[in-house]
Amino acid sequence: MVTRLKGRHGSGIREATSYLGQNYLVVESTLIPDFLRMLRDEEKFDYLVDVTAVHYPEREKQFEVVWILYSFERNERIRVKTLVAESVPSVFSIWPTANWLEREVFDMFGISFEGHPDLKRILLPDGWKGYPLRKDYGIIQQDNEWVQINLGIESGQ
Amino acid sequence: MSHGTSHLELQDHEKTFLDSNELIINMGPQHPATHGVLRVILKLDGEKVLGTECVIGYLHRGVEKIAEHRTYTMFNPYVDRMDYVAAVSNGLGYCESVEKLLNIQAPPRANYIRVILTELNRLASHMLWLGTHALDIGAITPLFYTFRDREEILKIFEKYCGARLTTHAFRIGGCLYETYDGFESDVTRFLKFVAPKIEEYEELLTTNRIWVERTKNVGFISAADCVALGVTGPVLRASGVKWDLRKAQPYAAYSEFDFEIPIGTTGDTYDRYLVRMQEMRQSLRIIEQAVGRIPSGPIMAKVPKVIKPPAGEIYHSIEAPKGELGYFIVSDGSTQPYRIRVRPPSFVNLQALDQMVRGALVADVIAVIGTLDIVLGEVDR
């Protein structure tokens, strides 16, 4: 499958490896979302398991966005990863499940998903400042102003 | 209202129900039928639901952030607090994921103990679901019955590891505790005790006219929609997809047991009820096979004192009572995970609520929230 994909997308696929028996592809962010749509339609990866991200502050493009796909027909999983600076196209039009999953990534990392119908915070309150899962966000850090105004207490800690 | 409609016009006035105005109401976050702190904003036309929006996050504790500041071992008890009615499943998923990352395998005896406890937990989770779901719909008796019987499971947990709910039963590499004297006879006795109880629940509900009226053709979702929305677990199976991770990608010792995957046909609330009832019977079957032949041997693999997985990443998922529970762990080679992402089944399944209740009545929203079997601790993490 990888050779077939490489033949079609050539240099867009930067890495196709397997670690501990799990396959993943690192692709250029310009291939998203068409590449994922192709995986669904032609390679039968019809179920989007999860969308998540990892923050590497020392890198130039500091976020790694990860899509975990599963194919019912092949009983196989694949991870597609791409490096982005701050935004990436939404896959909502391919899998409606991406709606909340992308909102959570936005909420926690501040990565914006272009074309998402309703990109807003999901777990944290709307007015919250900061993105907790970024590495520069401290573990007991909080939005003091929000806590003081909305909860009427000095600090949540 | 300045519609000025005559009586006749009202008759075929399809746009609004009883000619009332659109109404936005707030359900929750403190509402007994939301099973925790879930807030649903409902857009109504009379009693008809035009749309919903879920407001979640009230129980957000930042589990994924905490993970980055704990060692692999220290994070283990935290996972119990996500889906707190199925803590054993959460622990199994986490321990197996880290084991995969370390490239070690739990010994067969540990795997058998894991399967028995996880299936007992599935029963406990389904019993709690059944009791509360029936209560929401108006049947109060099943709640007492299921809680009475669930207690027997919690007693086994308590005897095994000292805790009833947040059990922290497993450790990375196997189990910490050997089975206590009489564990097997306790489990066998429980199986004998609970099998007729499941029949009893079915007698109360399956042909009960109120139950059938309230659940049949309510909250329909098709198999294609389930896949598109990422819905897994009994909800997916009730829509006719025969997919269970215990069979599709067996973990622990599941490949060694004989069991069926119950599926539904119509994908409505009644079907999901039947599927979960069948699943309880299948769980009994698995436990029965496992408890008779727990292999002897060690319960802990050779695990380094300091857990330091090599740099790399892993995604591993298990069939939790609610659906696919996955852990995506990124290791940078240190003692603390660089990133842990939990793929929560409740969170993803809850997203289907809007589609399932559009066009239904307000009362059906309660039925659908119940049938999705969400736990807010896991939705919000």
# chains A, B, ... in the order shown; residues from 1 in each chain; ligands from 1
>>> residues_around(residues="A:Asp34", least_positions_apart="2", cutoff="12 Å", atoms="only C-alpha atoms", output="list in words")
His9, Gly12, Val27, Glu28, Ser29, Thr30, Leu31, Ile32, Leu36, Arg37, Met38, Leu39, Arg40, Asp41, Glu42, Pro89, Ser90, Val91, Ser93 and Ile94 of chain A
>>> select_by_dssp(residues="chain A", states="strand (DSSP E or B)", output="number ranges by chain")
A: 13-19, 22-27, 47-55, 63-71, 76-84, 87-89, 112-114
>>> write_last_selection(atoms="C-alpha atoms", output="PDB file, in the first residue's frame")
ATOM      1  CA  ILE A  13       4.911  11.372   2.116  1.00  0.00           C
ATOM      2  CA  ARG A  14       7.992  12.112   4.131  1.00  0.00           C
ATOM      3  CA  GLU A  15       8.135   8.984   6.168  1.00  0.00           C
ATOM      4  CA  ALA A  16       6.328   5.646   6.189  1.00  0.00           C
ATOM      5  CA  THR A  17       7.461   3.486   9.055  1.00  0.00           C
ATOM      6  CA  SER A  18       6.296   1.029  11.565  1.00  0.00           C
ATOM      7  CA  TYR A  19       7.101   0.964  15.265  1.00  0.00           C
ATOM      8  CA  GLN A  22       2.022  -0.144  14.220  1.00  0.00           C
ATOM      9  CA  ASN A  23       2.186   1.723  10.942  1.00  0.00           C
ATOM     10  CA  TYR A  24       2.335   5.431  10.548  1.00  0.00           C
ATOM     11  CA  LEU A  25       2.816   7.955   7.813  1.00  0.00           C
ATOM     12  CA  VAL A  26       4.256  11.416   8.138  1.00  0.00           C
ATOM     13  CA  VAL A  27       2.906  13.613   5.382  1.00  0.00           C
ATOM     14  CA  TYR A  47     -13.411   5.042  10.809  1.00  0.00           C
ATOM     15  CA  LEU A  48     -11.594   8.034  12.260  1.00  0.00           C
ATOM     16  CA  VAL A  49     -10.651   6.832  15.718  1.00  0.00           C
ATOM     17  CA  ASP A  50      -9.042   9.942  17.067  1.00  0.00           C
ATOM     18  CA  VAL A  51      -7.549  13.318  16.291  1.00  0.00           C
ATOM     19  CA  THR A  52      -4.911  14.578  18.641  1.00  0.00           C
ATOM     20  CA  ALA A  53      -1.708  16.581  18.771  1.00  0.00           C
ATOM     21  CA  VAL A  54       1.684  16.651  20.414  1.00  0.00           C
ATOM     22  CA  HIS A  55       3.553  19.837  21.230  1.00  0.00           C
ATOM     23  CA  PHE A  63       2.751  20.870  16.605  1.00  0.00           C
ATOM     24  CA  GLU A  64       2.401  17.361  15.396  1.00  0.00           C
ATOM     25  CA  VAL A  65      -1.219  16.605  14.529  1.00  0.00           C
ATOM     26  CA  VAL A  66      -2.118  12.920  14.561  1.00  0.00           C
ATOM     27  CA  TRP A  67      -5.078  11.196  12.924  1.00  0.00           C
ATOM     28  CA  ILE A  68      -5.673   7.616  13.946  1.00  0.00           C
ATOM     29  CA  LEU A  69      -7.641   5.680  11.340  1.00  0.00           C
ATOM     30  CA  TYR A  70      -9.115   2.223  11.354  1.00  0.00           C
ATOM     31  CA  SER A  71     -10.471   0.075   8.584  1.00  0.00           C
ATOM     32  CA  GLU A  76      -6.054  -2.492  10.480  1.00  0.00           C
ATOM     33  CA  ARG A  77      -5.023   0.792  11.999  1.00  0.00           C
ATOM     34  CA  ILE A  78      -2.877   3.523  10.584  1.00  0.00           C
ATOM     35  CA  ARG A  79      -1.666   6.810  11.981  1.00  0.00           C
ATOM     36  CA  VAL A  80      -1.204   9.843   9.799  1.00  0.00           C
ATOM     37  CA  LYS A  81       0.884  12.646  11.186  1.00  0.00           C
ATOM     38  CA  THR A  82       1.781  16.066   9.973  1.00  0.00           C
ATOM     39  CA  LEU A  83       3.793  18.944  11.357  1.00  0.00           C
ATOM     40  CA  VAL A  84       2.090  22.300  11.550  1.00  0.00           C
ATOM     41  CA  SER A  87      -3.319  25.656  11.647  1.00  0.00           C
ATOM     42  CA  VAL A  88      -4.364  22.664   9.613  1.00  0.00           C
ATOM     43  CA  PRO A  89      -7.415  21.934   7.422  1.00  0.00           C
ATOM     44  CA  SER A 112      -6.988  26.059  14.461  1.00  0.00           C
ATOM     45  CA  PHE A 113      -8.747  23.793  12.017  1.00  0.00           C
ATOM     46  CA  GLU A 114      -9.626  25.632   8.812  1.00  0.00           C
TER      47      GLU A 114
END
>>> closest_atom_pairs(of="chain A", to="chain B", cutoff="6 Å", atoms="only C-alpha atoms", output="tab-separated table")
residue	atom	partner	partner_atom	distance
A:Tyr47	CA	B:Val227	CA	5.7
A:Trp95	CA	B:Ala228	CA	5.3
A:Pro96	CA	B:Leu229	CA	5.5
A:Thr97	CA	B:Leu229	CA	4.2
A:Leu123	CA	B:Gly57	CA	3.9
A:Leu124	CA	B:Gly57	CA	6.0
A:Leu133	CA	B:Lys65	CA	6.0
>>> write_last_selection(atoms="N, CA and C atoms", output="short mmCIF file (atom, residue, chain, number, x, y, z; two decimals), in the first residue's frame")
data_model
loop_
_atom_site.label_atom_id
_atom_site.label_comp_id
_atom_site.auth_asym_id
_atom_site.auth_seq_id
_atom_site.Cartn_x
_atom_site.Cartn_y
_atom_site.Cartn_z
N TYR A 47 -13.07 4.62 9.45
CA TYR A 47 -13.41 5.04 10.81
C TYR A 47 -12.27 5.90 11.37
N TRP A 95 -15.20 13.10 8.00
CA TRP A 95 -15.76 12.35 9.12
C TRP A 95 -16.41 13.33 10.08
N PRO A 96 -17.72 13.29 10.25
CA PRO A 96 -18.37 14.22 11.19
C PRO A 96 -17.85 14.08 12.62
N THR A 97 -17.28 12.93 12.95
CA THR A 97 -16.77 12.74 14.31
C THR A 97 -15.64 13.72 14.63
N LEU A 123 -13.99 21.78 26.39
CA LEU A 123 -13.93 21.36 27.79
C LEU A 123 -13.74 22.55 28.72
N LEU A 124 -12.94 23.52 28.28
CA LEU A 124 -12.71 24.69 29.12
C LEU A 124 -13.78 25.74 28.83
N LEU A 133 -2.48 22.10 27.21
CA LEU A 133 -1.59 20.98 26.88
C LEU A 133 -0.34 21.41 26.13
#
>>> residues_around(residues="stretch 158-166 of chain B", least_positions_apart="4", cutoff="6 Å", atoms="only C-alpha atoms", output="tab-separated table (two decimals) with N, CA, C and O atoms, in the first residue's frame")
chain	number	residue	atom	x	y	z
B	80	ASP	N	-8.22	5.39	36.63
B	80	ASP	CA	-9.44	4.85	37.25
B	80	ASP	C	-10.50	5.92	37.41
B	80	ASP	O	-11.69	5.62	37.51
B	87	ALA	N	-13.60	1.22	36.27
B	87	ALA	CA	-12.21	1.57	36.53
B	87	ALA	C	-11.25	0.46	36.10
B	87	ALA	O	-10.15	0.73	35.63
B	154	LEU	N	-18.80	-5.69	43.56
B	154	LEU	CA	-17.92	-4.77	44.28
B	154	LEU	C	-17.30	-5.46	45.49
B	154	LEU	O	-16.16	-5.17	45.86
>>> select_by_dssp(residues="stretch 69-116 of chain A", states="helix (DSSP H, G or I)", output="list in words")
Ala98, Asn99, Trp100, Leu101, Glu102, Arg103, Glu104, Val105, Phe106, Asp107, Met108 and Phe109 of chain A
>>> atom_distance(atom1="atom CA of B:Ser222", atom2="atom CA of B:Ser239")
5.7 Å
>>> atom_distance(atom1="atom CA of B:Leu204", atom2="atom CA of B:Leu376")
27.9 Å
>>> atom_distance(atom1="atom CA of A:Arg134", atom2="atom CA of B:Ser97")
23.0 Å
>>> residues_around(residues="stretch 140-157 of chain A", least_positions_apart="6", cutoff="10 Å", atoms="only C-alpha atoms", output="list in words")
Pro125, Gly127, Trp128, Lys129, Gly130, Tyr131 and Pro132 of chain A; Lys65 and Ile66 of chain B
>>> residues_around(residues="stretch 23-25 of chain B", least_positions_apart="2", cutoff="8 Å", atoms="only C-alpha atoms", output="number ranges by chain")
B: 21, 27, 41-46
>>> residues_around(residues="B:Gly370", least_positions_apart="4", cutoff="10 Å", atoms="only C-alpha atoms", output="VMD selection string")
chain B and resid 33 to 35 129 to 137 269 364 to 366 374
>>> decode(residues="stretch 46-57 of chain A", atoms="all heavy atoms", output="mmCIF file, in the first residue's frame")
data_model
loop_
_atom_site.group_PDB
_atom_site.id
_atom_site.type_symbol
_atom_site.label_atom_id
_atom_site.label_comp_id
_atom_site.auth_asym_id
_atom_site.auth_seq_id
_atom_site.Cartn_x
_atom_site.Cartn_y
_atom_site.Cartn_z
ATOM 1 N N ASP A 46 -12.315 3.651 6.991
ATOM 2 C CA ASP A 46 -13.569 4.387 7.073
ATOM 3 C C ASP A 46 -13.872 4.961 8.457
ATOM 4 O O ASP A 46 -14.838 5.692 8.626
ATOM 5 C CB ASP A 46 -14.730 3.495 6.602
ATOM 6 C CG ASP A 46 -14.629 2.072 7.125
ATOM 7 O OD1 ASP A 46 -13.690 1.782 7.877
ATOM 8 O OD2 ASP A 46 -15.487 1.254 6.782
ATOM 9 N N TYR A 47 -13.074 4.620 9.447
ATOM 10 C CA TYR A 47 -13.411 5.042 10.809
ATOM 11 C C TYR A 47 -12.272 5.899 11.367
ATOM 12 O O TYR A 47 -11.137 5.438 11.454
ATOM 13 C CB TYR A 47 -13.693 3.782 11.637
ATOM 14 C CG TYR A 47 -13.646 3.869 13.140
ATOM 15 C CD1 TYR A 47 -14.024 5.009 13.826
ATOM 16 C CD2 TYR A 47 -13.257 2.767 13.881
ATOM 17 C CE1 TYR A 47 -13.985 5.048 15.211
ATOM 18 C CE2 TYR A 47 -13.215 2.793 15.258
ATOM 19 C CZ TYR A 47 -13.573 3.942 15.923
ATOM 20 O OH TYR A 47 -13.522 3.965 17.284
ATOM 21 N N LEU A 48 -12.581 7.140 11.657
ATOM 22 C CA LEU A 48 -11.594 8.034 12.260
ATOM 23 C C LEU A 48 -11.655 7.817 13.769
ATOM 24 O O LEU A 48 -12.617 8.193 14.422
ATOM 25 C CB LEU A 48 -11.910 9.488 11.917
ATOM 26 C CG LEU A 48 -11.042 10.540 12.605
ATOM 27 C CD1 LEU A 48 -9.600 10.472 12.125
ATOM 28 C CD2 LEU A 48 -11.586 11.926 12.367
ATOM 29 N N VAL A 49 -10.635 7.174 14.299
ATOM 30 C CA VAL A 49 -10.651 6.832 15.718
ATOM 31 C C VAL A 49 -10.414 8.068 16.570
ATOM 32 O O VAL A 49 -11.133 8.323 17.530
ATOM 33 C CB VAL A 49 -9.580 5.760 16.026
ATOM 34 C CG1 VAL A 49 -9.614 5.371 17.488
ATOM 35 C CG2 VAL A 49 -9.789 4.544 15.163
ATOM 36 N N ASP A 50 -9.408 8.834 16.198
ATOM 37 C CA ASP A 50 -9.042 9.942 17.067
ATOM 38 C C ASP A 50 -8.257 10.996 16.300
ATOM 39 O O ASP A 50 -7.571 10.689 15.332
ATOM 40 C CB ASP A 50 -8.188 9.403 18.231
ATOM 41 C CG ASP A 50 -8.241 10.305 19.449
ATOM 42 O OD1 ASP A 50 -8.891 11.367 19.355
ATOM 43 O OD2 ASP A 50 -7.654 9.964 20.466
ATOM 44 N N VAL A 51 -8.399 12.231 16.772
ATOM 45 C CA VAL A 51 -7.549 13.318 16.291
ATOM 46 C C VAL A 51 -6.871 13.890 17.511
ATOM 47 O O VAL A 51 -7.543 14.184 18.503
ATOM 48 C CB VAL A 51 -8.370 14.436 15.613
ATOM 49 C CG1 VAL A 51 -7.439 15.537 15.116
ATOM 50 C CG2 VAL A 51 -9.203 13.902 14.481
ATOM 51 N N THR A 52 -5.585 14.001 17.486
ATOM 52 C CA THR A 52 -4.911 14.578 18.641
ATOM 53 C C THR A 52 -3.643 15.289 18.184
ATOM 54 O O THR A 52 -3.357 15.361 16.996
ATOM 55 C CB THR A 52 -4.637 13.507 19.709
ATOM 56 O OG1 THR A 52 -4.153 14.146 20.874
ATOM 57 C CG2 THR A 52 -3.634 12.485 19.242
ATOM 58 N N ALA A 53 -2.904 15.828 19.125
ATOM 59 C CA ALA A 53 -1.708 16.581 18.771
ATOM 60 C C ALA A 53 -0.657 16.396 19.845
ATOM 61 O O ALA A 53 -0.950 15.988 20.972
ATOM 62 C CB ALA A 53 -2.045 18.064 18.608
ATOM 63 N N VAL A 54 0.571 16.677 19.464
ATOM 64 C CA VAL A 54 1.684 16.651 20.414
ATOM 65 C C VAL A 54 2.452 17.949 20.220
ATOM 66 O O VAL A 54 2.643 18.392 19.088
ATOM 67 C CB VAL A 54 2.620 15.437 20.160
ATOM 68 C CG1 VAL A 54 3.643 15.311 21.273
ATOM 69 C CG2 VAL A 54 1.831 14.152 20.023
ATOM 70 N N HIS A 55 2.868 18.557 21.315
ATOM 71 C CA HIS A 55 3.553 19.837 21.230
ATOM 72 C C HIS A 55 5.054 19.647 21.408
ATOM 73 O O HIS A 55 5.491 19.079 22.395
ATOM 74 C CB HIS A 55 3.005 20.768 22.326
ATOM 75 C CG HIS A 55 3.534 22.164 22.232
ATOM 76 N ND1 HIS A 55 3.614 23.001 23.310
ATOM 77 C CD2 HIS A 55 4.009 22.875 21.182
ATOM 78 C CE1 HIS A 55 4.123 24.164 22.922
ATOM 79 N NE2 HIS A 55 4.355 24.107 21.638
ATOM 80 N N TYR A 56 5.842 20.121 20.426
ATOM 81 C CA TYR A 56 7.301 20.114 20.531
ATOM 82 C C TYR A 56 7.764 21.564 20.416
ATOM 83 O O TYR A 56 8.000 22.048 19.306
ATOM 84 C CB TYR A 56 7.928 19.275 19.414
ATOM 85 C CG TYR A 56 7.555 17.813 19.468
ATOM 86 C CD1 TYR A 56 6.531 17.310 18.678
ATOM 87 C CD2 TYR A 56 8.250 16.928 20.292
ATOM 88 C CE1 TYR A 56 6.192 15.960 18.716
ATOM 89 C CE2 TYR A 56 7.922 15.573 20.329
ATOM 90 C CZ TYR A 56 6.892 15.095 19.542
ATOM 91 O OH TYR A 56 6.558 13.774 19.576
ATOM 92 N N PRO A 57 7.886 22.276 21.550
ATOM 93 C CA PRO A 57 8.141 23.726 21.470
ATOM 94 C C PRO A 57 9.459 24.084 20.796
ATOM 95 O O PRO A 57 9.602 25.177 20.256
ATOM 96 C CB PRO A 57 8.132 24.174 22.937
ATOM 97 C CG PRO A 57 8.184 22.947 23.758
ATOM 98 C CD PRO A 57 7.754 21.795 22.926
#
